[in-house]
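What follows is the content of run-v8.cif (mmCIF, C-alpha atoms and all ligand atoms).
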data_target
loop_
_atom_site.label_atom_id
_atom_site.label_comp_id
_atom_site.auth_asym_id
_atom_site.auth_seq_id
_atom_site.Cartn_x
_atom_site.Cartn_y
_atom_site.Cartn_z
CA HIS A 1 107.61 9.58 43.59
CA GLU A 2 109.80 9.92 46.64
CA ALA A 3 112.01 7.05 47.77
CA ASP A 4 110.28 5.35 50.69
CA ALA A 5 113.24 4.32 52.83
CA TYR A 6 113.20 7.63 54.68
CA ARG A 7 110.30 9.93 55.25
CA THR A 8 111.56 13.43 54.90
CA ASP A 9 108.54 15.40 56.02
CA LEU A 10 108.37 14.65 59.72
CA MET A 11 105.26 15.72 61.56
CA THR A 12 106.57 16.06 65.09
CA ILE A 13 104.14 16.54 67.93
CA THR A 14 105.32 20.13 68.37
CA ARG A 15 104.75 20.94 64.72
CA PHE A 16 101.35 19.25 64.83
CA VAL A 17 100.20 21.24 67.87
CA LEU A 18 101.59 24.51 66.46
CA ASN A 19 99.55 23.87 63.29
CA GLU A 20 96.43 23.15 65.34
CA GLN A 21 96.87 26.20 67.56
CA SER A 22 97.46 28.52 64.62
CA LYS A 23 93.73 28.15 63.88
CA TYR A 24 93.13 30.33 66.94
CA PRO A 25 94.28 33.89 66.27
CA GLU A 26 94.56 34.63 70.00
CA SER A 27 96.96 31.70 70.53
CA ARG A 28 100.37 32.81 71.75
CA GLY A 29 102.08 29.45 71.91
CA ASP A 30 101.38 28.86 75.62
CA PHE A 31 99.79 25.48 75.01
CA THR A 32 102.69 24.40 72.80
CA ILE A 33 105.15 25.31 75.55
CA LEU A 34 103.08 23.48 78.16
CA LEU A 35 102.84 20.39 75.98
CA SER A 36 106.55 20.35 75.22
CA ASN A 37 107.16 20.13 78.97
CA ILE A 38 104.74 17.21 79.26
CA VAL A 39 106.56 15.59 76.33
CA LEU A 40 109.86 16.11 78.14
CA GLY A 41 108.47 14.32 81.19
CA CYS A 42 107.28 11.44 79.01
CA LYS A 43 110.66 11.09 77.33
CA PHE A 44 112.37 11.06 80.72
CA VAL A 45 110.03 8.39 82.07
CA CYS A 46 110.41 6.36 78.88
CA SER A 47 114.16 6.40 79.19
CA ALA A 48 114.03 5.61 82.91
CA VAL A 49 111.58 2.73 82.34
CA ASN A 50 113.82 1.29 79.61
CA LYS A 51 116.86 1.49 81.84
CA ALA A 52 115.04 0.38 84.96
CA GLY A 53 116.44 -3.15 85.12
CA LEU A 54 119.86 -1.98 84.16
CA ALA A 55 120.13 0.97 86.49
CA LYS A 56 118.50 -0.93 89.32
CA LEU A 57 116.06 1.91 89.68
CA ILE A 58 113.37 -0.54 90.59
CA GLY A 59 112.33 -1.07 94.16
CA LEU A 60 115.29 0.72 95.65
CA ALA A 61 113.42 3.42 97.53
CA GLY A 62 115.05 3.84 100.88
CA GLU A 63 118.26 2.11 99.82
CA THR A 64 121.39 4.08 99.04
CA ASN A 65 123.40 3.99 95.82
CA ILE A 66 127.17 4.27 95.32
CA GLN A 67 127.13 8.04 95.73
CA GLY A 68 125.43 7.56 99.06
CA GLU A 69 122.28 9.23 97.79
CA GLU A 70 118.90 7.75 98.37
CA GLN A 71 117.50 6.18 95.23
CA LYS A 72 113.94 6.90 94.39
CA LYS A 73 111.38 4.50 93.06
CA LEU A 74 110.42 5.00 89.45
CA ASP A 75 106.99 6.44 90.23
CA VAL A 76 108.37 8.97 92.71
CA LEU A 77 111.14 9.92 90.30
CA SER A 78 108.66 10.34 87.44
CA ASN A 79 106.44 12.55 89.57
CA ASP A 80 109.36 14.81 90.50
CA VAL A 81 110.29 15.23 86.85
CA PHE A 82 106.74 16.10 85.78
CA VAL A 83 106.13 18.54 88.64
CA LYS A 84 109.41 20.36 87.99
CA ALA A 85 108.91 20.49 84.22
CA LEU A 86 105.32 21.74 84.59
CA VAL A 87 106.18 24.41 87.16
CA SER A 88 109.17 25.67 85.18
CA SER A 89 107.09 25.88 81.99
CA GLY A 90 105.64 29.06 83.46
CA ARG A 91 102.28 28.04 82.01
CA THR A 92 100.60 26.29 84.96
CA SER A 93 98.84 27.35 88.16
CA VAL A 94 97.52 24.18 89.78
CA LEU A 95 98.87 20.64 89.50
CA VAL A 96 97.19 17.50 90.76
CA SER A 97 99.22 14.30 90.74
CA GLU A 98 98.23 10.83 91.86
CA GLU A 99 101.51 10.78 93.79
CA ASP A 100 100.80 13.89 95.88
CA GLU A 101 98.05 14.03 98.44
CA GLU A 102 97.70 17.80 98.10
CA ALA A 103 97.46 19.87 94.95
CA THR A 104 100.54 21.91 94.02
CA PHE A 105 99.94 25.65 93.67
CA VAL A 106 102.55 27.30 91.50
CA GLU A 107 104.21 30.41 92.98
CA SER A 108 102.93 33.63 91.44
CA SER A 109 106.07 34.50 89.46
CA LYS A 110 105.80 31.23 87.51
CA ARG A 111 102.04 31.05 87.12
CA GLY A 112 100.28 30.50 83.82
CA LYS A 113 96.77 29.85 82.58
CA TYR A 114 96.69 26.04 82.67
CA CYS A 115 96.03 23.37 85.30
CA VAL A 116 97.35 19.88 84.78
CA VAL A 117 96.00 16.72 86.42
CA PHE A 118 98.15 13.64 85.93
CA ASP A 119 99.20 10.18 86.98
CA PRO A 120 102.93 10.21 86.26
CA LEU A 121 103.37 6.44 86.23
CA ASP A 122 100.21 4.38 86.20
CA GLY A 123 100.10 0.61 86.46
CA SER A 124 102.66 0.34 89.23
CA SER A 125 102.02 -3.37 89.76
CA ASN A 126 103.50 -3.92 86.29
CA ILE A 127 106.76 -2.00 86.80
CA ASP A 128 108.86 -4.78 88.25
CA CYS A 129 108.03 -7.30 85.53
CA GLY A 130 108.56 -5.02 82.55
CA VAL A 131 104.95 -4.96 81.35
CA SER A 132 103.58 -1.78 79.70
CA ILE A 133 102.87 1.16 81.98
CA GLY A 134 101.96 4.74 81.20
CA THR A 135 101.46 8.38 82.08
CA ILE A 136 97.97 9.91 81.92
CA PHE A 137 97.20 13.66 81.86
CA GLY A 138 94.38 16.14 81.49
CA ILE A 139 94.57 19.90 81.01
CA TYR A 140 92.18 22.65 82.16
CA THR A 141 92.41 26.42 81.98
CA VAL A 142 92.27 28.52 85.19
CA GLU A 143 89.46 30.99 85.81
CA HIS A 144 91.24 33.51 88.04
CA SER A 145 94.96 33.22 87.60
CA ASP A 146 95.56 35.66 90.50
CA GLU A 147 94.17 33.25 93.09
CA PRO A 148 94.11 29.67 91.82
CA THR A 149 92.32 27.13 94.04
CA THR A 150 91.37 23.46 93.78
CA GLU A 151 88.04 24.71 92.34
CA ASP A 152 90.01 25.28 89.14
CA VAL A 153 90.36 21.51 88.72
CA LEU A 154 87.17 20.33 90.43
CA LYS A 155 85.33 20.81 87.17
CA PRO A 156 83.55 18.29 84.93
CA GLY A 157 85.73 16.46 82.44
CA ASN A 158 83.92 18.07 79.53
CA GLU A 159 85.70 21.31 80.46
CA MET A 160 89.12 19.82 79.81
CA VAL A 161 90.88 21.49 76.90
CA ALA A 162 93.17 18.54 76.22
CA ALA A 163 93.95 15.07 77.47
CA GLY A 164 96.31 12.27 76.62
CA TYR A 165 98.49 9.42 77.71
CA CYS A 166 101.92 8.08 76.98
CA MET A 167 102.41 4.33 76.90
CA TYR A 168 105.80 2.85 77.69
CA GLY A 169 105.44 -0.40 75.80
CA SER A 170 107.19 -2.18 72.98
CA SER A 171 107.37 1.32 71.55
CA CYS A 172 106.73 4.59 73.33
CA MET A 173 103.50 6.17 72.14
CA LEU A 174 101.84 9.43 73.03
CA VAL A 175 98.14 9.73 72.29
CA LEU A 176 96.67 13.22 72.45
CA SER A 177 93.44 15.08 71.92
CA THR A 178 92.98 18.84 72.04
CA GLY A 179 89.31 18.43 71.21
CA THR A 180 89.76 17.88 67.48
CA GLY A 181 90.03 14.12 67.27
CA VAL A 182 92.63 11.76 68.69
CA HIS A 183 96.15 11.56 67.30
CA GLY A 184 98.95 9.11 68.07
CA PHE A 185 102.67 9.88 68.00
CA THR A 186 105.46 7.33 68.28
CA LEU A 187 108.80 8.20 69.82
CA ASP A 188 111.64 7.82 67.35
CA PRO A 189 114.45 7.09 69.82
CA SER A 190 117.14 8.07 67.34
CA LEU A 191 115.62 11.55 67.02
CA GLY A 192 114.15 11.89 70.49
CA GLU A 193 111.00 13.17 68.80
CA PHE A 194 107.40 12.00 68.82
CA ILE A 195 106.32 11.59 65.18
CA LEU A 196 102.70 11.46 64.03
CA THR A 197 102.07 7.81 63.17
CA HIS A 198 98.36 7.41 63.97
CA PRO A 199 96.42 10.45 62.70
CA ASP A 200 92.75 10.76 63.60
CA ILE A 201 92.22 7.51 65.50
CA LYS A 202 88.62 6.27 65.45
CA ILE A 203 87.51 3.43 67.67
CA PRO A 204 85.51 0.68 65.89
CA ASN A 205 81.78 0.95 66.66
CA LYS A 206 81.78 -2.52 68.13
CA GLY A 207 84.62 -4.75 69.29
CA ASN A 208 85.19 -8.35 70.21
CA ILE A 209 87.29 -7.83 73.33
CA TYR A 210 86.26 -7.11 76.93
CA SER A 211 88.76 -6.06 79.55
CA VAL A 212 88.07 -6.32 83.28
CA ASN A 213 89.53 -7.75 86.48
CA GLU A 214 87.26 -10.79 86.74
CA GLY A 215 88.78 -11.69 90.08
CA ASN A 216 86.37 -9.14 91.55
CA ALA A 217 83.30 -10.86 90.03
CA GLN A 218 81.86 -12.12 93.33
CA ASN A 219 81.44 -8.52 94.45
CA TRP A 220 79.97 -7.02 91.27
CA ASP A 221 76.49 -5.55 90.98
CA GLY A 222 73.73 -6.99 88.76
CA PRO A 223 74.30 -5.05 85.51
CA THR A 224 78.06 -5.63 85.44
CA THR A 225 77.59 -9.34 86.19
CA LYS A 226 74.96 -9.65 83.46
CA TYR A 227 77.08 -7.74 80.95
CA VAL A 228 80.19 -9.89 81.44
CA GLU A 229 78.06 -13.03 81.30
CA ARG A 230 76.76 -11.84 77.92
CA CYS A 231 80.32 -11.24 76.69
CA LYS A 232 81.00 -14.92 77.31
CA TYR A 233 77.60 -16.37 76.41
CA PRO A 234 76.01 -14.01 73.88
CA LYS A 235 72.28 -14.44 73.51
CA ASP A 236 71.96 -12.97 70.02
CA GLY A 237 74.04 -15.60 68.23
CA SER A 238 77.07 -13.30 67.94
CA PRO A 239 80.49 -14.82 68.79
CA ALA A 240 81.74 -14.62 72.39
CA LYS A 241 84.17 -11.80 73.13
CA SER A 242 87.81 -12.44 73.98
CA LEU A 243 89.15 -11.35 77.36
CA ARG A 244 92.31 -9.22 77.56
CA TYR A 245 93.46 -7.62 80.80
CA VAL A 246 96.92 -6.20 81.33
CA GLY A 247 96.12 -4.42 84.59
CA SER A 248 97.70 -1.21 83.28
CA MET A 249 94.95 1.22 82.41
CA VAL A 250 96.98 2.88 79.66
CA ALA A 251 97.71 -0.43 77.94
CA ASP A 252 94.15 -1.72 78.31
CA VAL A 253 92.63 1.54 77.07
CA HIS A 254 95.14 1.85 74.23
CA ARG A 255 94.26 -1.61 72.94
CA THR A 256 90.55 -0.82 73.31
CA LEU A 257 91.01 2.41 71.33
CA LEU A 258 92.81 0.69 68.45
CA TYR A 259 90.99 -2.66 68.31
CA GLY A 260 87.62 -1.73 69.77
CA GLY A 261 85.72 -3.41 72.59
CA ILE A 262 85.13 -2.35 76.17
CA PHE A 263 87.19 -1.65 79.29
CA LEU A 264 85.45 -1.90 82.63
CA TYR A 265 86.46 -0.95 86.14
CA PRO A 266 83.09 -1.28 87.83
CA ALA A 267 81.97 -0.61 91.36
CA ASP A 268 81.93 -3.61 93.64
CA LYS A 269 80.82 -4.36 97.18
CA LYS A 270 84.30 -3.70 98.53
CA SER A 271 84.93 -0.56 96.44
CA PRO A 272 81.58 1.13 95.87
CA ASN A 273 83.27 3.81 93.74
CA GLY A 274 85.49 1.43 91.82
CA LYS A 275 89.24 1.96 91.87
CA LEU A 276 90.13 4.48 89.21
CA ARG A 277 90.52 8.18 89.92
CA VAL A 278 88.20 10.67 88.30
CA LEU A 279 90.57 13.56 87.58
CA TYR A 280 93.63 11.88 86.13
CA GLU A 281 92.43 8.42 85.05
CA VAL A 282 88.71 8.45 84.22
CA PHE A 283 88.40 11.95 82.68
CA PRO A 284 91.39 11.89 80.31
CA MET A 285 90.49 8.42 79.02
CA ALA A 286 86.80 9.36 78.71
CA PHE A 287 87.78 12.50 76.79
CA LEU A 288 89.91 10.48 74.36
CA MET A 289 87.21 7.82 73.91
CA GLU A 290 84.55 10.37 73.02
CA GLN A 291 86.92 12.18 70.68
CA ALA A 292 87.57 8.84 68.95
CA GLY A 293 83.85 8.15 68.52
CA GLY A 294 83.39 5.88 71.54
CA GLN A 295 81.66 6.42 74.87
CA ALA A 296 82.51 6.51 78.57
CA PHE A 297 79.86 5.80 81.22
CA THR A 298 80.01 5.63 85.01
CA GLY A 299 77.07 3.30 85.62
CA GLU A 300 74.93 6.38 86.21
CA LYS A 301 75.87 8.99 83.64
CA ARG A 302 78.25 10.14 80.95
CA ALA A 303 81.67 10.09 82.63
CA LEU A 304 82.64 13.58 81.41
CA ASP A 305 79.59 15.07 83.15
CA LEU A 306 80.80 14.04 86.60
CA VAL A 307 81.66 16.95 88.87
CA PRO A 308 84.36 15.81 91.29
CA LYS A 309 84.25 17.13 94.86
CA GLU A 310 87.72 15.95 95.83
CA ILE A 311 90.91 15.83 93.82
CA HIS A 312 91.52 12.11 94.40
CA GLU A 313 87.89 11.00 94.01
CA ARG A 314 87.17 7.63 92.36
CA SER A 315 84.45 6.50 89.98
CA PRO A 316 83.35 3.28 88.29
CA ILE A 317 84.04 3.43 84.56
CA PHE A 318 82.91 1.61 81.41
CA LEU A 319 84.50 2.87 78.23
CA GLY A 320 85.13 1.84 74.67
CA SER A 321 83.26 1.16 71.43
CA TYR A 322 79.99 3.06 71.05
CA ASP A 323 77.74 0.02 70.68
CA ASP A 324 79.39 -1.99 73.42
CA VAL A 325 79.00 0.85 75.94
CA GLU A 326 75.41 1.30 74.74
CA GLU A 327 74.72 -2.26 75.91
CA ILE A 328 75.96 -1.74 79.44
CA LYS A 329 74.07 1.55 79.61
CA ALA A 330 70.88 -0.32 78.73
CA LEU A 331 71.50 -2.85 81.52
CA TYR A 332 71.96 -0.09 84.10
CA ALA A 333 68.89 1.74 82.81
CA ALA A 334 66.82 -1.48 83.17
CA GLU A 335 67.89 -1.71 86.85
CA GLU A 336 66.35 1.63 87.81
P1 LIG A 401 97.82 2.35 90.28
O1 LIG A 401 97.53 3.83 90.09
O2 LIG A 401 98.06 1.97 91.70
O3 LIG A 401 98.89 1.88 89.34
O4 LIG A 401 96.45 1.60 89.94
C1 LIG A 401 95.80 1.88 88.74
C2 LIG A 401 95.78 0.62 87.90
C3 LIG A 401 95.29 0.86 86.51
O5 LIG A 401 96.35 1.08 85.64
C4 LIG A 401 94.58 -0.42 86.19
O6 LIG A 401 93.54 -0.23 85.26
C5 LIG A 401 94.05 -0.87 87.51
O7 LIG A 401 94.85 -0.26 88.47
C6 LIG A 401 94.10 -2.34 87.71
O8 LIG A 401 93.58 -2.65 88.95
P2 LIG A 401 93.39 -4.14 89.45
O9 LIG A 401 94.74 -4.64 89.78
O10 LIG A 401 92.50 -4.02 90.65
O11 LIG A 401 92.72 -4.92 88.35
MG MG A 402 97.13 5.27 88.75
#

Just dump the structure as structure tokens.
Amino acid sequence: HEADAYRTDLMTITRFVLNEQSKYPESRGDFTILLSNIVLGCKFVCSAVNKAGLAKLIGLAGETNIQGEEQKKLDVLSNDVFVKALVSSGRTSVLVSEEDEEATFVESSKRGKYCVVFDPLDGSSNIDCGVSIGTIFGIYTVEHSDEPTTEDVLKPGNEMVAAGYCMYGSSCMLVLSTGTGVHGFTLDPSLGEFILTHPDIKIPNKGNIYSVNEGNAQNWDGPTTKYVERCKYPKDGSPAKSLRYVGSMVADVHRTLLYGGIFLYPADKKSPNGKLRVLYEVFPMAFLMEQAGGQAFTGEKRALDLVPKEIHERSPIFLGSYDDVEEIKALYAAEE
């Protein structure tokens, strides 16, 4: 059998998506082109994040560099790269970014059939200390490409055709679903290519980790309070869960996906809709969780059934292992 030191049959993300798309006879490679531009953005951000300390990219917004140009903060820079790559792909019509108050409508000569909602650099509080941060994205198709409007993205998450995130951590990993399971790709820096390393990720049915900002506990509602209490003092004789909270959604969700357990960003008295944004945080992660065999719940309903009214709308979110989410659902149902 083959020598193991080098794998010679590299499943790059482009090859993987081309294979997947070839199942659809009508596919003309548009999605592959769109995705390769998202991948480009991720590689740029990865490289910028790795160089951040070195290049003094951090926290310099408003200050000038040697060339006398204004330096941009990492999140602003990342957003610019994604917007430009997505527009120039010629495959998008509407873009919604956490960084931009208004949606971007692509000029008609560059329009394509997809809409992309994204958070170019999530977890901003972790940038300056070098802790994992990430990019999150979701993809819809447009209904009328002649006159795209925000209605094209104000659709329930279950209408997304793909979603994913890229985590800039100890390695750079892109996790993607096009509706046929969840697949993880790791950036090989020497090749500049994302290689399939985690095919068909399935979340364990139950986990032993819960992940939440407990500093907000005094403002939680009854079911969330009860649930977290049970994580610490289980009534059924099962062992207590461990607490892990990075404060970067991508890192916390990534760990939840691989190890199992639950991630919570509940509503509280101060933020009745929680903190996380429906379009580019809650929906993509909910899509991935369901595709991996887990669940995502808002406290009222299945997260992917939400219909957002505004592009930057927020929602409480509980997502993770099937059985763990089932428990919090039962607590909310008992409240009614
Ligand atoms: P950001 O978009 O300002 O970076 O905020 C989003 C982040 C998520 O990554 C994370 O899950 C959450 O905020 C943490 O919030 P908190 O600091 O309130 O626990
Ligand atoms: Mg964010």

*Given a cut-off of 10 Å, what residues near ligand MG 402 (chain A) show up using all atoms listed in the file, put as a ChimeraX atom specification?*
/A:97-99,118-125,133-136,248-250,275-277,280-281

*One decimal, Å: what's the distance from atom CA of A:Tyr227 over to atom O3 of ligand LIG 401 (chain A), could you say?*
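Interatomic distance here is 25.3 Å.
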
*Counting all atoms listed in the file, note down every residue that has an atom within 12 Å of the point (112.5, 15.5, 85.0) (file coordinates), as an MDAnalysis selection string.*
chainID A and resid 37:48 74:88 120

_Residues within 12 Å of A:Asn208, all atoms listed in the file, excluding chain neighbours under 2 positions, as an NGL selection string_ = :A and (204-206 or 210-211 or 230-232 or 234 or 238-244 or 255-256 or 258-263 or 320-321 or 323-324)

*Minimum-distance residue to ligand LIG 401 (chain A), chosen among A:Gly294, A:Glu214, A:Glu335, A:Ser315 (using all atoms listed in the file)*: A:Glu214

*asked:* As an exercise, work out the distance from atom CA of A:Asn158 to atom CA of A:Tyr24 in Å and give it to one decimal place.
replied: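 Atom CA of A:Tyr24 lies 19.8 Å from atom CA of A:Asn158.
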
Quick one: 4 Å padding each side, axis-aligned, all listed atoms of stretch 88-91 of chain A - centre and edge lengths in Å to one decimal, as AutoDock Vina command-line options?
--center_x 105.7 --center_y 27.4 --center_z 83.6 --size_x 14.9 --size_y 11.4 --size_z 11.2

*Go through A:Pro223, A:Gly247, A:Gly207, A:Gly157 one by one, measure the shortest atom-to-atom distance of each to A:Val282 using all atoms listed in the file, and give the residue with the smallest value.*
A:Gly157

Write out as a PDB file with C-alpha atoms, in the frame of the given file the residues lying within 10 Å of A:Phe287, counting all atoms listed in the file and excluding same-chain residues fewer than 4 positions away.
ATOM      1  CA  GLY A 138      94.380  16.140  81.490  1.00  0.00           C
ATOM      2  CA  GLY A 157      85.730  16.460  82.440  1.00  0.00           C
ATOM      3  CA  ASN A 158      83.920  18.070  79.530  1.00  0.00           C
ATOM      4  CA  GLU A 159      85.700  21.310  80.460  1.00  0.00           C
ATOM      5  CA  MET A 160      89.120  19.820  79.810  1.00  0.00           C
ATOM      6  CA  VAL A 161      90.880  21.490  76.900  1.00  0.00           C
ATOM      7  CA  ALA A 162      93.170  18.540  76.220  1.00  0.00           C
ATOM      8  CA  ALA A 163      93.950  15.070  77.470  1.00  0.00           C
ATOM      9  CA  GLY A 164      96.310  12.270  76.620  1.00  0.00           C
ATOM     10  CA  LEU A 176      96.670  13.220  72.450  1.00  0.00           C
ATOM     11  CA  SER A 177      93.440  15.080  71.920  1.00  0.00           C
ATOM     12  CA  THR A 178      92.980  18.840  72.040  1.00  0.00           C
ATOM     13  CA  GLY A 179      89.310  18.430  71.210  1.00  0.00           C
ATOM     14  CA  GLY A 181      90.030  14.120  67.270  1.00  0.00           C
ATOM     15  CA  VAL A 182      92.630  11.760  68.690  1.00  0.00           C
ATOM     16  CA  VAL A 282      88.710   8.450  84.220  1.00  0.00           C
ATOM     17  CA  PHE A 283      88.400  11.950  82.680  1.00  0.00           C
ATOM     18  CA  GLN A 291      86.920  12.180  70.680  1.00  0.00           C
ATOM     19  CA  ALA A 292      87.570   8.840  68.950  1.00  0.00           C
ATOM     20  CA  GLY A 294      83.390   5.880  71.540  1.00  0.00           C
ATOM     21  CA  GLN A 295      81.660   6.420  74.870  1.00  0.00           C
ATOM     22  CA  ALA A 296      82.510   6.510  78.570  1.00  0.00           C
ATOM     23  CA  ALA A 303      81.670  10.090  82.630  1.00  0.00           C
ATOM     24  CA  LEU A 304      82.640  13.580  81.410  1.00  0.00           C
TER      25      LEU A 304
END

*Find, counting only C-alpha atoms, the residue in A:Val131, A:Cys115, A:Ile311, A:Leu154 that gets nearest to A:Gly169.*
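Among the listed residues, the smallest separation from A:Gly169 belongs to A:Val131.
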
*Do you know which residues are at most 9 Å from A:Lys309 counting all atoms listed in the file, after dropping those on the same chain fewer than 2 positions away, and could you put them as a ChimeraX atom specification?*
/A:151,154-155,307,311-313

*For A:Asp188, which residue out of A:Met285, A:Cys129, A:Val17, A:Met11 is the nearest one, using all atoms listed in the file?*
A:Met11

*asked:* Report as a list in words all protein, DNA and RNA residues lying within 10 Å of A:Phe297, evaluated on all atoms listed in the file, omitting residues in the same chain fewer than 2 positions from it.
replied: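 Near A:Phe297, the qualifying residues are Leu264, Val282, Ala286, Gln295, Gly299, Glu300, Lys301, Arg302, Ala303, Leu304, Asp305, Leu306, Ser315, Pro316, Ile317, Phe318, Leu319, Gly320, Val325, Glu326, Ile328 and Lys329 of chain A.
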
Any chance you could export the current selection's C-alpha atoms as a compact mmCIF listing (two decimals), in the coordinates of the input?
# COMPACT_ATOMS: atom_id res chain seq x y z
CA LEU A 264 85.45 -1.90 82.63
CA VAL A 282 88.71 8.45 84.22
CA ALA A 286 86.80 9.36 78.71
CA GLN A 295 81.66 6.42 74.87
CA GLY A 299 77.07 3.30 85.62
CA GLU A 300 74.93 6.38 86.21
CA LYS A 301 75.87 8.99 83.64
CA ARG A 302 78.25 10.14 80.95
CA ALA A 303 81.67 10.09 82.63
CA LEU A 304 82.64 13.58 81.41
CA ASP A 305 79.59 15.07 83.15
CA LEU A 306 80.80 14.04 86.60
CA SER A 315 84.45 6.50 89.98
CA PRO A 316 83.35 3.28 88.29
CA ILE A 317 84.04 3.43 84.56
CA PHE A 318 82.91 1.61 81.41
CA LEU A 319 84.50 2.87 78.23
CA GLY A 320 85.13 1.84 74.67
CA VAL A 325 79.00 0.85 75.94
CA GLU A 326 75.41 1.30 74.74
CA ILE A 328 75.96 -1.74 79.44
CA LYS A 329 74.07 1.55 79.61

*asked:* Report, in Å to a single decimal, how far apart atom CA of A:Thr104 and atom CA of A:His144 are.
replied: 16.0 Å

*Go through A:Pro266, A:Phe105, A:Asp128, A:Cys172 and flag the residue nearest A:Thr149, using all atoms listed in the file for the distances.*
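Smallest separation from A:Thr149 among the options: A:Phe105.
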
*Have a look at A:Gly29, A:Gly130, A:Pro199, A:Gly215 and name the one nearest to ligand LIG 401 (chain A); count all atoms listed in the file.*
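The closest residue to ligand LIG 401 (chain A) is A:Gly215.
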
*Pull the neighbourhood of (110.3, 36.3, 82.3) for me: all residues within 12 Å in file coordinates, counting all atoms listed in the file, as a list in words.*
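All residues meeting the 12 Å criterion around (110.3, 36.3, 82.3) are Ser88, Ser89, Gly90, Arg91, Ser109, Lys110, Arg111 and Gly112 of chain A.
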
*Name all residues at most 8 Å from stretch 269-272 of chain A (count only C-alpha atoms; drop same-chain ones fewer than 5 positions away) and give them as number ranges by chain.*
A: 219-221

Can we get stretch 111-126 of chain A of that structure written down with N, CA and C atoms, as a PDB file, in the first residue's frame?
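Result written to selection_13.pdb:
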ATOM      1  N   ARG A 111     -24.055  41.297 -11.752  1.00  0.00           N
ATOM      2  CA  ARG A 111     -25.008  40.525 -10.948  1.00  0.00           C
ATOM      3  C   ARG A 111     -25.006  39.039 -11.264  1.00  0.00           C
ATOM      4  N   GLY A 112     -25.290  38.244 -10.222  1.00  0.00           N
ATOM      5  CA  GLY A 112     -25.442  36.806 -10.393  1.00  0.00           C
ATOM      6  C   GLY A 112     -26.578  36.302  -9.527  1.00  0.00           C
ATOM      7  N   LYS A 113     -26.734  34.995  -9.444  1.00  0.00           N
ATOM      8  CA  LYS A 113     -27.968  34.470  -8.839  1.00  0.00           C
ATOM      9  C   LYS A 113     -27.895  34.243  -7.335  1.00  0.00           C
ATOM     10  N   TYR A 114     -26.788  34.600  -6.704  1.00  0.00           N
ATOM     11  CA  TYR A 114     -26.678  34.321  -5.263  1.00  0.00           C
ATOM     12  C   TYR A 114     -26.698  35.584  -4.405  1.00  0.00           C
ATOM     13  N   CYS A 115     -27.126  35.417  -3.144  1.00  0.00           N
ATOM     14  CA  CYS A 115     -27.031  36.461  -2.126  1.00  0.00           C
ATOM     15  C   CYS A 115     -26.178  35.886  -1.009  1.00  0.00           C
ATOM     16  N   VAL A 116     -25.300  36.690  -0.473  1.00  0.00           N
ATOM     17  CA  VAL A 116     -24.444  36.201   0.603  1.00  0.00           C
ATOM     18  C   VAL A 116     -24.619  37.086   1.833  1.00  0.00           C
ATOM     19  N   VAL A 117     -24.870  36.446   2.968  1.00  0.00           N
ATOM     20  CA  VAL A 117     -24.948  37.147   4.252  1.00  0.00           C
ATOM     21  C   VAL A 117     -23.728  36.694   5.058  1.00  0.00           C
ATOM     22  N   PHE A 118     -23.027  37.625   5.672  1.00  0.00           N
ATOM     23  CA  PHE A 118     -21.780  37.209   6.328  1.00  0.00           C
ATOM     24  C   PHE A 118     -21.344  38.145   7.441  1.00  0.00           C
ATOM     25  N   ASP A 119     -20.581  37.573   8.350  1.00  0.00           N
ATOM     26  CA  ASP A 119     -19.882  38.352   9.365  1.00  0.00           C
ATOM     27  C   ASP A 119     -18.406  38.123   9.071  1.00  0.00           C
ATOM     28  N   PRO A 120     -17.737  39.118   8.483  1.00  0.00           N
ATOM     29  CA  PRO A 120     -16.378  38.879   7.993  1.00  0.00           C
ATOM     30  C   PRO A 120     -15.379  38.513   9.086  1.00  0.00           C
ATOM     31  N   LEU A 121     -15.529  39.112  10.259  1.00  0.00           N
ATOM     32  CA  LEU A 121     -14.609  38.781  11.354  1.00  0.00           C
ATOM     33  C   LEU A 121     -15.368  38.841  12.669  1.00  0.00           C
ATOM     34  N   ASP A 122     -15.846  37.685  13.088  1.00  0.00           N
ATOM     35  CA  ASP A 122     -16.657  37.628  14.303  1.00  0.00           C
ATOM     36  C   ASP A 122     -15.785  37.319  15.510  1.00  0.00           C
ATOM     37  N   GLY A 123     -16.175  37.887  16.643  1.00  0.00           N
ATOM     38  CA  GLY A 123     -15.443  37.635  17.887  1.00  0.00           C
ATOM     39  C   GLY A 123     -14.425  38.740  18.123  1.00  0.00           C
ATOM     40  N   SER A 124     -14.814  39.956  17.755  1.00  0.00           N
ATOM     41  CA  SER A 124     -13.859  41.059  17.748  1.00  0.00           C
ATOM     42  C   SER A 124     -13.172  41.285  19.089  1.00  0.00           C
ATOM     43  N   SER A 125     -13.854  40.917  20.184  1.00  0.00           N
ATOM     44  CA  SER A 125     -13.220  41.157  21.490  1.00  0.00           C
ATOM     45  C   SER A 125     -11.987  40.264  21.670  1.00  0.00           C
ATOM     46  N   ASN A 126     -11.869  39.238  20.831  1.00  0.00           N
ATOM     47  CA  ASN A 126     -10.727  38.325  20.950  1.00  0.00           C
ATOM     48  C   ASN A 126      -9.568  38.658  20.009  1.00  0.00           C
TER      49      ASN A 126
END
